[in-house]
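Asks: Input: one structure, supplied below.
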There are 4 protein chains.
Amino acid sequence: MNKKKIINDPVYGFISIPTELVFDLIEHPYFQRLRYIKQLGMTHLVYPGALHTRFHHALGAMYLMGMAIETLRNKGHDISSKEEEAVIIAILLHDIGHGPFSHALEESIVENISHEDISAMLMNKLNTQFDGRLSMAIEIFNGTYPRQFLHQLVSSQLDMDRMDYLNRDSFFTGVSEGVISSDRIIKMLNVKDDHIAVEEKGIYSVEKFLIARRLMYWQVYLHKTVIAAEQLLANILKRSRELVLMGESVFTTPALSHFLAKPISRDAFMNEDHHLDNFASLDDTDIMAAVKVWAMHHDFVLAKLCNDLVHRNLYKVDITNEAPDKQFITELSNRAVKKYGITPQEASYFVFEDTIRNNAYKPGDGNIRILMKNGMIKDITAASDNSNLEALAKTVKKYILCYKKDLT
Amino acid sequence: MNKKKIINDPVYGFISIPTELVFDLIEHPYFQRLRYIKQLGMTHLVYPGALHTRFHHALGAMYLMGMAIETLRNKGHDISSKEEEAVIIAILLHDIGHGPFSHALEESIVENISHEDISAMLMNKLNTQFDGRLSMAIEIFNGTYPRQFLHQLVSSQLDMDRMDYLNRDSFFTGVSEGVISSDRIIKMLNVKDDHIAVEEKGIYSVEKFLIARRLMYWQVYLHKTVIAAEQLLANILKRSRELVLMGESVFTTPALSHFLAKPISRDAFMNEDHHLDNFASLDDTDIMAAVKVWAMHHDFVLAKLCNDLVHRNLYKVDITNEAPDKQFITELSNRAVKKYGITPQEASYFVFEDTIRNNAYKPGDGNIRILMKNGMIKDITAASDNSNLEALAKTVKKYILCYKKDLT
Amino acid sequence: MNKKKIINDPVYGFISIPTELVFDLIEHPYFQRLRYIKQLGMTHLVYPGALHTRFHHALGAMYLMGMAIETLRNKGHDISSKEEEAVIIAILLHDIGHGPFSHALEESIVENISHEDISAMLMNKLNTQFDGRLSMAIEIFNGTYPRQFLHQLVSSQLDMDRMDYLNRDSFFTGVSEGVISSDRIIKMLNVKDDHIAVEEKGIYSVEKFLIARRLMYWQVYLHKTVIAAEQLLANILKRSRELVLMGESVFTTPALSHFLAKPISRDAFMNEDHHLDNFASLDDTDIMAAVKVWAMHHDFVLAKLCNDLVHRNLYKVDITNEAPDKQFITELSNRAVKKYGITPQEASYFVFEDTIRNNAYKPGDGNIRILMKNGMIKDITAASDNSNLEALAKTVKKYILCYKKDLT
Amino acid sequence: MNKKKIINDPVYGFISIPTELVFDLIEHPYFQRLRYIKQLGMTHLVYPGALHTRFHHALGAMYLMGMAIETLRNKGHDISSKEEEAVIIAILLHDIGHGPFSHALEESIVENISHEDISAMLMNKLNTQFDGRLSMAIEIFNGTYPRQFLHQLVSSQLDMDRMDYLNRDSFFTGVSEGVISSDRIIKMLNVKDDHIAVEEKGIYSVEKFLIARRLMYWQVYLHKTVIAAEQLLANILKRSRELVLMGESVFTTPALSHFLAKPISRDAFMNEDHHLDNFASLDDTDIMAAVKVWAMHHDFVLAKLCNDLVHRNLYKVDITNEAPDKQFITELSNRAVKKYGITPQEASYFVFEDTIRNNAYKPGDGNIRILMKNGMIKDITAASDNSNLEALAKTVKKYILCYKKDLT
């Protein structure tokens, strides 16, 4: 059977599946599940094209990895077929542990477990199922494989993950400010002292990449309406669990039921297989199906929150450089108590705070190295004297305050 | 409150909402529902980017309509603001009656009711809610408004619906063969004797449009794997309803439950409001949530079909110019009976036939008129002597035979 | 010295120069000359972006050739590095013999010598200069190299030349009807019985390619205003030569002077080196510099023709399926005689005929083979039963009549 | 006669000519001349696609102006048809005074006269020819028309000129770092207190615009090889004029001859019509035709410089933050004297210095105003607290040193 397939991708044209093992991993239910988990969660409420999935992103990152390996080989770096397959598998599976709407729900579904933890667990299960053929991929993913540059292609500030998500998110949102020249950056990659470096003449493309990332943060990832929608969803899950714990019955799919029923400890999740099995069958559908039904629940709070999400009555968001005025929050809360006839605790579902922070580049942490023409390595912020990149290394923190529009 | 909003669209850049009424219609739950109904149903199993929704398509068609009206006005045709808003509403709502996966399920959810019927019902309900302000839009939609060319912009072989779906479907699938020059075609539109016509120098763009449509049919809309997936889904719904009628319990969301419980006649649907209300809360989520749960149903047939869809074990499809060999079908069916221990009637869920047909252009039916330089009107097939468009008017019919791969 | 360079190309992103020999050929004055020869001659008078050069086209075709070779190798066909370099050189140099505005001037500059003849001569000269390292490339170019499929990549109805020019011409003119999926077609290429074939699933992309080519012919290559401009230029050269032969002095650059001074026979051109040397220094600049100066010549005919070209007063063109009416031509000619005070022979510069013909596909002549899933080979016109490709094989012939607008 | 034409533009799709007067201006020989003046001079030697002309740029800027006017009107600003036509004419003609290769030759062709001076002269001549119908356009261009915002659309740090040239230069060079969202920026334009302002939510698009401009400077406009080529051309003109003044005969077209023959003072140029007439017939062709012929001149210096340009043997360029070492320059110069047997003064043609400087944004000078949601106006650098725009306001200065490669 021919397992070398070509997949149409509107971003890159065509993506070829390089080996049979990769093909089999893509066919695996763990990976197919990613077809039903949107990359950008509720962002489509603001950018209606943003329905692309983690499945598609993983394939895209795999495609870029193929290009990167080819480039490095053409520059004389020996990379074996086994290493090539391993690094491709590592990037393909890097997000396999994401659950539905993980920006909003990561802590709501399973406490104290990150998607990285779950990715590691799923990769290990797959490795068992595939007779240890993923061992090298896992080492690369974890950074324990001797050749560090392979890990950096999977995870660093200029990895194939970031390049694909910037390309893809900007393609599907239509936010052209996020367009990067991944082609050009990849063609400029090189390896120096076992670290990935960008050749000097690619410096402007890297600068563009960092700025594109910053602009995508402010225009998409941290767009205040997106944040409002995701907070709304987080509140919905929180309220539904609260009701369940109070003995109320709420509609759920079986997979979601498992996680609403009672808290699962980190230890339990790590050690009892059925938790992971349930997790592996959970996707966006479970959440949205429940939210739609809950919109008719007799609990005022749950029903209102769900109605607001389903019909896109999103909350007002104030975004500020300073923490919002406590007095104002109290007022809003009091109005909610009076208007809806709810308790102050319940009012916190309709008036709530959050903070967001972003820095486009973090020197020191998987930093971006420039290979100068004279063979020296410099950090990107030092490499370019015309650059304003130092500013990008500043962390920007903002406060947000969300509340139902009818409270003002 | 400012209701003039701009929406990012990766296909056209930006879409402006032209009036407050249009804004309010877009905010209406009937229209927001389209956010959760994919334009191309199960096509994303073949083209992973094809997750765009009927919501987005309707906005896109609205955008093109705005351009068309502007072009016609610039050529001296009087179109009042009221007519402009009405024709924009007509195109915005043209697909409002679509249910989830309507290619696969139109007949499974509600028998003898087409999505056009439901669109008409929903538009009338909206018209009541909006105090009759949709009356002209409805007349244009129905073709009863005196100025025919407005209806033709909404529904004909060169309408804004088709132009947007070709643009949009080719954008999100990545099938570049479907790209059309909607900009150019729209700039060449004119009105002659109250009919839409394309100026002679636009003839090649129209030819390209027809060919793009044909290529999209064969590469996307009638792609054999897409058809296999949609038939699989249709069989799933059929089986689930069969089980319900046999008294079996099957998981459903409340909205889906309404339609699975018992057959609803056309008359009942037309006359009893609660059917339409239930329909208006049904979307892709209800279907996919059920399918996921049914994959664990104790009925072998339902569980197997659902598992196959969820994990993308799609069926083999033979596509032929002649009807498939009866003998071969019987053999396959017998093997299914033996292999799965099911009845011959049940075997028909795993071995089944269909036909597909397509003609890219139908002379006579909302046909495409070319306005020659001398002021005469010709049908597109007659207007161009270098053309091979007559071939496009031929209907092509194909037979398809689907069966589980392990039966061969 | 590092001769592996990357060139920015707006069509494909980046073009890498694969070997040092290829680099040196690109640097050679014969090849650099192509920087100053526009691919589409006077077409920029209709499509102002169409200023791209034969230099850029040759690089683009080289890029596509690299992709094709990579694809064929991935499918298990052995192609040595030497063959790869040779076929890349063959495509790089395939148009090296083009002179300026060769559609208009091929016969005016050197009689009875085609650009193919001159390409062969220049390749042989280069082969001598490069110590025979182009021998295999020349064999491939001529079709005498044993492996035919390599020649077909350079010259057939689906060669890299055509793919690049369709991509490039449609990019720079902005005529989106000409966009093809070269990526997809190339990924579908295979070799069967030493002939290039396209795998069956690529059939729609090939169909799109043929139709794109047809549409480009009618919209660009045979656009009537383009033809009028090129005929005008041809007439200008003819008149200038006439004047020179009559002993008049006309301004020329030295390179053009060589070819205007007296007719050069095919034999002389083939055998006396200085003709080719002069030819190799001739480009668009020589022609346009002369035309600008001639616009002030005292010969009424030459000055008027040149003024008309420089200031873009292009002639009226009637394009018809039947030969134009002789009577009408005589009338126009008489009016020119009277109006301008010129002889009837001179009037023929302002009133003249031409024919154009095109067929998008020629069965039998380097025809396009489809490799069916069953391993059989079919001609494209036979491979697709839904196809209307037979119509594309028809030759379409048109008559054109050009005349100065003020004669009607 | 129908003068409303549509022009294909690969950048924007289609450009419509809005009025008859605009059509007639485009047809005028002064404007048609721009067809033969490349926007980016010798840049095509580095980016082979960069052959687009000032003609095309002017049309593109006109197109954007049409969009801007439409946007402002939709926001309730009254702009009369006459003002619309005038501001469109102002942008159409804003570069009409550019000569061939003006970056390289502005000072070589006519001393002490800028292209702005010549634009003004040509506009006045056109105004006379068109019976004063350009008066308002000229006032807008000069900033003397009462409504300042119209002038700012033509000339400011966010004018239609810059937007088009960034779009167009990045399109034709293929440098994707220069892509801007002109659509989005224009949709965000507004007028406040008779000044153009960008609405607050457009702030990221403006930031992207400024950065794109900066990256285009370093990657294209100030690319060291481009600078080397333009300096080479400047030296060629300087040498040819030197020879002419020494009584040597050099080949020229008549138009170029006028300017080489003897220096023309600013006063003479302003007051004697024949200078401007000659200028208006000068384009890239005149320069390149001469350079090609001069490559065979008996003067060693001129011939060598021209040969180097024609065959693209460009000079080595050192680009530094500090002035280059005087000692090193002297050494290079001495080597040139010895190697070529020329005088030290002549050696300066082969070893020469220049400086380049750039700042992406100049606060205070036609600065970019942001219209905050509260109705206040802020400078772009103050409007965004996450911004690193202040860095863009720094002037960056670099020193370049060019010399023939064989001198090291």
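Residue numbering restarts at 1 in every chain; chains get A, B, ... in the order shown in the structure tokens, and ligands count up from 1 in that same order.
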Within 8 Å of chain D, which residues of chain C are there when counting only C-alpha atoms? Please give them as a VMD selection string.
Replies: chain C and resid 7 to 11 13 27 to 29 32 to 33 35 46 to 49 51 to 52 56 171 to 175 253 to 254 285 to 286 288 to 289 293 311 to 312
Asks: Using only C-alpha atoms, which protein or nucleic acid residues come within 10 Å of Lys75 of chain B? Drop anything in the same chain fewer than 6 positions from it, and give the result as a PyMOL selection string.
Replies: chain B and resi 69+187+189-191
Asks: From a DSSP calculation on the backbone, collect every residue of segment 335-408 of chain C in alpha helix (DSSP H) and output the set as a list of chain:residue names.
Replies: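 Answer for segment 335-408 of chain C, restricted to alpha helix (DSSP H): C:Arg335, C:Ala336, C:Val337, C:Lys338, C:Lys339, C:Tyr340, C:Pro344, C:Gln345, C:Glu346, C:Ala347, C:Ile380, C:Thr381, C:Ala382, C:Ala383, C:Leu389, C:Glu390, C:Ala391, C:Leu392, C:Ala393.
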Asks: Could you check which of D:Ser108, D:Pro100, D:Gln39, D:Gln129 is closest to Leu25 of chain D, using only C-alpha atoms?
Replies: D:Gln129
Asks: Lys238 of chain B: which residues within 10 Å, counting only C-alpha atoms, same-chain residues fewer than 5 positions away excluded, as a PyMOL selection string?
Replies: chain B and resi 105+107-109+232-233+243-244+260+302+349
